[in-house]
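As stored in run_31.txt (compact mmCIF, C-alpha atoms):
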```
# COMPACT_ATOMS: atom_id res chain seq x y z
CA MET A 21 -11.18 163.34 153.40
CA ALA A 22 -7.56 164.01 152.72
CA GLY A 23 -8.44 164.95 149.15
CA ILE A 24 -10.70 167.82 150.21
CA VAL A 25 -8.38 169.34 152.78
CA THR A 26 -5.24 168.88 150.69
CA SER A 27 -6.79 171.12 148.06
CA GLY A 28 -7.12 173.97 150.54
CA CYS A 29 -3.87 173.67 152.47
CA PHE A 30 -1.68 175.95 150.39
CA CYS A 31 -1.18 178.80 152.89
CA LEU A 32 2.14 177.56 154.25
CA PRO A 33 4.55 179.62 156.40
CA ASN A 34 6.81 181.91 154.38
CA ASN A 35 9.96 180.26 155.59
CA PRO A 36 12.74 181.00 153.02
CA THR A 37 13.30 177.28 152.49
CA ARG A 38 9.61 176.80 151.63
CA ILE A 39 8.84 179.81 149.42
CA HIS A 40 9.41 177.86 146.21
CA LEU A 41 7.07 175.10 147.38
CA ASN A 42 4.50 177.69 148.45
CA LEU A 43 4.55 179.16 144.93
CA GLN A 44 4.12 175.69 143.44
CA LEU A 45 1.13 175.09 145.68
CA GLN A 46 -0.44 178.38 144.64
CA LEU A 47 0.04 177.47 140.98
CA GLN A 48 -1.71 174.16 141.65
CA MET A 49 -4.57 176.04 143.33
CA GLN A 50 -4.91 178.22 140.22
CA ARG A 51 -5.15 175.04 138.14
CA ILE A 52 -7.85 173.71 140.50
CA ASN A 53 -9.78 176.99 140.18
CA ARG A 54 -9.62 176.68 136.40
CA SER A 55 -10.70 173.04 136.60
CA VAL A 56 -13.63 173.91 138.86
CA GLY A 57 -14.63 176.71 136.49
CA ILE A 58 -14.49 174.41 133.46
CA ILE A 59 -16.52 171.74 135.22
CA ARG A 60 -19.11 174.25 136.47
CA CYS A 61 -19.50 175.61 132.94
CA SER A 62 -19.90 172.07 131.70
CA LYS A 63 -22.61 171.47 134.30
CA LEU A 64 -24.43 174.63 133.26
CA LEU A 65 -24.34 173.44 129.65
CA ASP A 66 -25.60 170.02 130.72
CA ASN A 67 -28.42 171.64 132.68
CA PHE A 68 -29.37 173.76 129.67
CA ASN A 69 -29.30 170.75 127.38
CA GLY A 70 -31.30 168.76 129.93
CA ALA A 71 -33.92 171.48 130.15
CA HIS A 72 -34.07 171.66 126.35
CA LYS A 73 -34.54 167.89 126.16
CA SER A 74 -37.23 167.94 128.85
CA ASN A 75 -39.11 170.57 126.89
CA ASN A 76 -39.11 168.10 124.03
CA ASN A 77 -40.38 165.36 126.37
CA THR A 78 -37.09 163.49 126.01
CA PRO A 79 -35.89 161.88 129.26
CA SER A 80 -32.35 162.75 130.40
CA PRO A 81 -30.09 160.10 131.94
CA SER A 82 -29.13 160.24 135.62
CA ASN A 83 -25.60 161.46 136.42
CA ASN A 84 -25.54 160.28 140.04
CA ASN A 85 -22.86 157.66 139.31
CA THR A 86 -20.64 159.91 137.21
CA PRO A 87 -16.97 159.35 138.16
CA PRO A 88 -14.91 162.29 139.52
CA PRO A 89 -13.72 164.67 136.77
CA LEU A 90 -10.26 163.88 135.47
CA LEU A 91 -9.09 167.50 135.74
CA LEU A 92 -10.05 167.60 139.42
CA ASN A 93 -8.30 164.30 140.12
CA LEU A 94 -5.13 165.55 138.42
CA ALA A 95 -5.18 168.84 140.35
CA VAL A 96 -5.75 167.20 143.74
CA SER A 97 -3.12 164.57 143.02
CA GLY A 98 -0.63 167.29 142.11
CA LEU A 99 -1.28 169.17 145.33
CA THR A 100 -1.00 165.99 147.34
CA GLU A 101 2.39 165.23 145.82
CA LEU A 102 3.63 168.70 146.72
CA LEU A 103 2.38 168.36 150.28
CA ARG A 104 4.11 164.99 150.50
CA LEU A 105 7.38 166.64 149.46
CA PHE A 106 6.74 169.31 152.06
CA SER A 107 6.16 166.62 154.70
CA PHE A 108 9.71 165.34 154.29
CA SER A 109 11.02 168.74 155.42
CA ILE A 110 9.04 168.47 158.67
CA SER A 111 10.53 166.48 161.51
CA THR A 112 7.86 163.88 162.29
CA LYS A 113 8.10 160.60 164.09
CA GLN A 114 7.65 157.62 161.81
CA THR A 115 4.63 155.44 162.49
CA SER A 116 5.60 152.23 164.23
CA PHE A 117 4.54 149.46 161.87
CA ASP A 118 4.87 145.75 162.49
CA GLU A 119 2.49 143.37 160.74
CA SER A 120 3.76 140.54 162.92
CA ILE A 121 1.71 141.95 165.83
CA ASP A 122 -1.28 139.64 165.85
CA TYR A 123 -3.92 140.67 168.36
CA VAL A 124 -6.79 140.77 165.86
CA LYS A 125 -8.45 137.36 165.87
CA GLY A 126 -11.72 138.20 164.12
CA ILE A 127 -13.97 140.85 162.67
CA ASP A 128 -15.28 141.81 166.12
CA ASP A 129 -11.75 142.86 167.10
CA VAL A 130 -11.56 145.02 163.98
CA VAL A 131 -14.87 146.71 164.87
CA SER A 132 -13.69 147.34 168.44
CA LEU A 133 -10.41 148.93 167.32
CA LEU A 134 -12.11 151.05 164.67
CA LYS A 135 -14.54 152.33 167.31
CA SER A 136 -11.54 153.32 169.39
CA ASP A 137 -9.99 155.13 166.40
CA TYR A 138 -13.22 157.07 165.86
CA GLN A 139 -13.24 158.00 169.55
CA ASN A 140 -9.79 159.44 168.89
CA SER A 141 -11.25 161.31 165.86
CA TYR A 142 -8.54 159.78 163.70
CA PHE A 143 -9.52 161.69 160.54
CA VAL A 144 -8.67 165.01 162.19
CA THR A 145 -6.03 163.98 164.78
CA GLY A 146 -3.99 161.41 162.87
CA ILE A 147 -4.26 159.04 165.85
CA PHE A 148 -5.25 155.61 164.59
CA THR A 149 -4.23 151.93 164.77
CA PRO A 150 -1.85 151.30 161.84
CA HIS A 151 -1.49 147.60 162.67
CA LEU A 152 -5.08 147.09 161.53
CA TYR A 153 -3.95 147.78 157.97
CA THR A 154 -1.64 146.02 155.54
CA GLN A 155 1.37 148.07 154.51
CA ASP A 156 0.09 148.38 150.93
CA CYS A 157 -3.52 149.11 151.90
CA LEU A 158 -5.47 151.02 149.24
CA PHE A 159 -6.86 154.38 150.41
CA GLU A 160 -9.40 156.19 148.27
CA ASP A 161 -12.06 158.86 148.36
CA PRO A 162 -13.96 160.61 145.53
CA THR A 163 -10.95 162.82 144.72
CA ILE A 164 -7.82 160.75 145.27
CA ARG A 165 -6.48 157.20 145.39
CA PHE A 166 -3.14 155.85 146.63
CA ARG A 167 -1.52 152.91 148.41
CA GLY A 168 0.44 152.74 151.66
CA THR A 169 -0.54 152.94 155.33
CA GLU A 170 2.64 154.81 156.22
CA LEU A 171 1.84 157.39 153.53
CA TYR A 172 -1.72 157.72 154.82
CA SER A 173 -0.40 158.28 158.34
CA ARG A 174 1.99 161.00 157.13
CA ASN A 175 -0.80 162.71 155.17
CA LEU A 176 -3.07 162.80 158.22
CA LYS A 177 -0.33 164.24 160.43
CA LEU A 178 0.51 166.84 157.80
CA LEU A 179 -3.09 168.05 157.57
CA VAL A 180 -3.85 168.21 161.32
CA PRO A 181 -2.35 171.72 161.81
CA PHE A 182 -4.75 173.14 159.21
CA PHE A 183 -7.90 172.09 161.11
CA ASP A 184 -9.75 174.56 163.35
CA GLN A 185 -12.39 173.26 165.79
CA PRO A 186 -12.55 169.87 164.06
CA SER A 187 -14.96 167.10 164.94
CA ILE A 188 -15.87 163.77 163.45
CA GLN A 189 -18.76 161.78 164.82
CA MET A 190 -19.26 158.12 164.03
CA GLU A 191 -22.94 157.39 163.54
CA THR A 192 -23.03 153.68 162.77
CA ILE A 193 -20.60 150.82 162.36
CA ASP A 194 -21.53 147.41 161.01
CA LYS A 195 -19.74 144.26 159.92
CA GLY A 196 -20.63 142.26 156.86
CA VAL A 197 -19.63 139.51 154.49
CA ASN A 198 -20.48 139.12 150.82
CA SER A 199 -19.50 136.54 148.26
CA GLU A 200 -16.16 138.24 147.65
CA THR A 201 -14.89 139.74 150.91
CA LYS A 202 -15.35 140.49 154.59
CA PHE A 203 -15.79 144.14 155.47
CA VAL A 204 -16.72 146.72 158.10
CA GLN A 205 -18.76 149.79 157.18
CA ALA A 206 -18.98 153.00 159.20
CA THR A 207 -20.98 156.18 158.65
CA TRP A 208 -19.84 159.52 160.04
CA LYS A 209 -20.22 163.30 160.08
CA LEU A 210 -17.19 165.56 159.62
CA ARG A 211 -17.22 169.23 160.55
CA THR A 212 -14.12 171.43 160.62
CA TYR A 213 -13.05 174.95 159.79
CA LEU A 214 -9.78 175.40 157.92
CA LYS A 215 -7.11 177.83 159.05
CA LEU A 216 -7.41 180.02 155.97
CA PRO A 217 -8.15 183.78 156.02
CA TRP A 218 -11.82 183.29 155.03
CA LYS A 219 -12.34 180.42 157.56
CA PRO A 220 -14.11 177.95 155.27
CA LEU A 221 -16.25 175.26 156.86
CA ILE A 222 -15.88 171.68 155.62
CA SER A 223 -19.11 169.80 156.29
CA VAL A 224 -19.45 166.30 154.92
CA ASP A 225 -21.49 163.23 155.82
CA GLY A 226 -19.70 160.12 154.68
CA ARG A 227 -19.29 156.40 154.72
CA THR A 228 -16.09 154.37 154.91
CA VAL A 229 -15.86 150.72 153.88
CA TYR A 230 -12.96 148.76 155.37
CA GLU A 231 -12.32 145.62 153.32
CA LEU A 232 -10.49 142.80 155.11
CA ASP A 233 -8.22 139.99 154.01
CA ASP A 234 -8.23 136.45 155.42
CA ASN A 235 -6.09 137.61 158.37
CA PHE A 236 -8.58 140.39 159.22
CA LYS A 237 -6.20 143.10 158.06
CA ILE A 238 -7.68 146.10 156.26
CA VAL A 239 -6.65 146.03 152.59
CA ARG A 240 -8.94 148.80 151.34
CA HIS A 241 -10.16 152.00 153.04
CA ALA A 242 -12.76 153.53 150.73
CA GLU A 243 -14.74 156.70 151.46
CA SER A 244 -17.91 157.99 149.84
CA TRP A 245 -19.57 161.33 150.58
CA ASN A 246 -23.03 162.90 150.51
CA VAL A 247 -21.67 165.66 148.25
CA SER A 248 -19.98 165.54 144.87
CA PRO A 249 -16.20 166.12 144.59
CA ILE A 250 -16.85 169.55 143.05
CA GLU A 251 -19.21 170.53 145.87
CA ALA A 252 -16.70 169.30 148.45
CA ILE A 253 -13.80 171.25 146.93
CA GLY A 254 -16.12 174.26 146.54
CA GLN A 255 -16.55 174.40 150.32
CA ILE A 256 -12.90 175.43 150.58
CA PHE A 257 -13.59 178.64 148.63
CA THR A 258 -16.75 179.55 150.56
CA PRO A 259 -16.30 181.89 153.56
CA GLY A 260 -17.45 180.21 156.76
CA LEU A 261 -20.11 181.79 158.96
CA ARG A 262 -18.89 181.89 162.54
CA LYS A 263 -20.48 183.23 165.70
CA PRO A 264 -18.89 186.29 167.36
CA GLY A 265 -16.11 185.21 169.65
CA ASP A 266 -15.40 181.96 167.80
```
Here is a file; write its structure as structure tokens.
Amino acid sequence: MAGIVTSGCFCLPNNPTRIHLNLQLQLQMQRINRSVGIIRCSKLLDNFNGAHKSNNNTPSPSNNNTPPPLLLNLAVSGLTELLRLFSFSISTKQTSFDESIDYVKGIDDVVSLLKSDYQNSYFVTGIFTPHLYTQDCLFEDPTIRFRGTELYSRNLKLLVPFFDQPSIQMETIDKGVNSETKFVQATWKLRTYLKLPWKPLISVDGRTVYELDDNFKIVRHAESWNVSPIEAIGQIFTPGLRKPGD
């Protein structure tokens, strides 16, 4: 989820030491807007071509498994890098990290600790169990991909102040094993407003797969969503509807 929210978190305080970074973030947002516009135009053209083909009784291929657009990935990655630079100017406590702590003896322990992290709403609070993960764990969602549990922790803590009335509800959590790896899979619903002038609502149903190594450490944290990357980013630019008094 960091990829979605990162794209919208450009309204930083106008502290003199951060004005230059704020301008850089706004330039990145302009690039994202252009990327979204290009991709939307491309989709309209695809729809037109698809309709033209259907009129000629020619079947059109499914695009459900189309990878995220390169322009969007580049824009989100650029914004994330700027926010990471910004994070170094904020005094935050480093996450205590010691892989020698060994209180996870099996996959059931992993499930129990992940349930606890969801109870803490770790996506929107930054409160999670870092010792469950290897230091070079791979984190990915449909818009961004990077390695490092410490970096993931910093990103979460950086984004927390931008959430307004956040909630994340775990729906299911299951353990599994296939021919290649052991894993835990959780499904969830995320709802949060962002602290931007137009109060956009981020609403995503998702699934996270936690792949484990032989020591039951998480080596891959991979999200998938019920909306496309473009639709997810588009939520940031859509004014939220809020009840009076909210």
Original post:
Taking (-16.9, 145.3, 154.5) in the file's coordinates as the center, which residues reach within 10 Å of it, counting only C-alpha atoms, put as a PyMOL selection string?
Top reply: chain A and resi 127+194-198+200-206+228-232+238+240-242
Subject >> Interatomic distance, CA of Leu152 in chain A to CA of Ser199 in chain A (Å, one decimal) >> reply: 22.3 Å
Original post:
With distances taken over all atoms listed in the file, which of A:Asn235, A:Thr258, A:Gln189, A:Ser244 is nearest to Pro220 in chain A?
Top reply: A:Thr258
Subject >> Top pick for closest residue to Val131 in chain A, considering A:Ile256, A:Lys237, A:Val247, A:Glu160 and counting only C-alpha atoms >> reply: A:Lys237
Subject >> Distance query range 212-215 of chain A at most 8 Å, only C-alpha atoms, self and fewer than 2 positions along chain excluded, as number ranges by chain >> reply: A: 28, 182-187, 210, 217, 219-223, 256, 260
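For the pair CA of Ile147 in chain A and CA of Lys177 in chain A, the interatomic distance is 8.5 Å.
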Subject >> Of the listed residues A:Phe148, A:Phe166, A:Tyr172, A:Phe236, that which approaches Val130 in chain A most closely, counting only C-alpha atoms >> reply: A:Phe236
**OP:** Have a look at A:His151, A:Lys135, A:Arg211, A:Arg167 and name the one nearest to Met21 in chain A; count all atoms listed in the file.
**Re:** A:Arg211
Reconstruct N, CA and C atoms of range 217-230 of chain A from the incomplete input and present them as a compact mmCIF listing (two decimals), in the coordinates of the input.
```
# COMPACT_ATOMS: atom_id res chain seq x y z
N PRO A 217 -7.64 182.44 155.64
CA PRO A 217 -8.15 183.78 156.02
C PRO A 217 -9.67 183.89 156.01
N TRP A 218 -10.36 183.18 155.12
CA TRP A 218 -11.82 183.29 155.03
C TRP A 218 -12.55 182.22 155.85
N LYS A 219 -11.79 181.41 156.61
CA LYS A 219 -12.34 180.42 157.56
C LYS A 219 -13.41 179.53 156.93
N PRO A 220 -13.09 178.82 155.87
CA PRO A 220 -14.11 177.95 155.27
C PRO A 220 -14.50 176.80 156.20
N LEU A 221 -15.75 176.39 156.09
CA LEU A 221 -16.25 175.26 156.86
C LEU A 221 -16.39 174.05 155.94
N ILE A 222 -15.73 172.95 156.32
CA ILE A 222 -15.88 171.68 155.62
C ILE A 222 -16.94 170.87 156.36
N SER A 223 -18.00 170.54 155.68
CA SER A 223 -19.11 169.80 156.29
C SER A 223 -19.51 168.67 155.35
N VAL A 224 -19.21 167.45 155.77
CA VAL A 224 -19.45 166.30 154.92
C VAL A 224 -19.99 165.14 155.76
N ASP A 225 -21.03 164.50 155.27
CA ASP A 225 -21.49 163.23 155.82
C ASP A 225 -20.94 162.14 154.92
N GLY A 226 -20.36 161.12 155.51
CA GLY A 226 -19.70 160.12 154.68
C GLY A 226 -19.84 158.71 155.19
N ARG A 227 -19.30 157.82 154.40
CA ARG A 227 -19.29 156.40 154.72
C ARG A 227 -17.92 155.86 154.35
N THR A 228 -17.35 155.02 155.21
CA THR A 228 -16.09 154.37 154.91
C THR A 228 -16.28 152.86 154.98
N VAL A 229 -15.84 152.18 153.92
CA VAL A 229 -15.86 150.72 153.88
C VAL A 229 -14.43 150.23 154.09
N TYR A 230 -14.26 149.35 155.06
CA TYR A 230 -12.96 148.76 155.37
C TYR A 230 -13.00 147.30 154.93
```
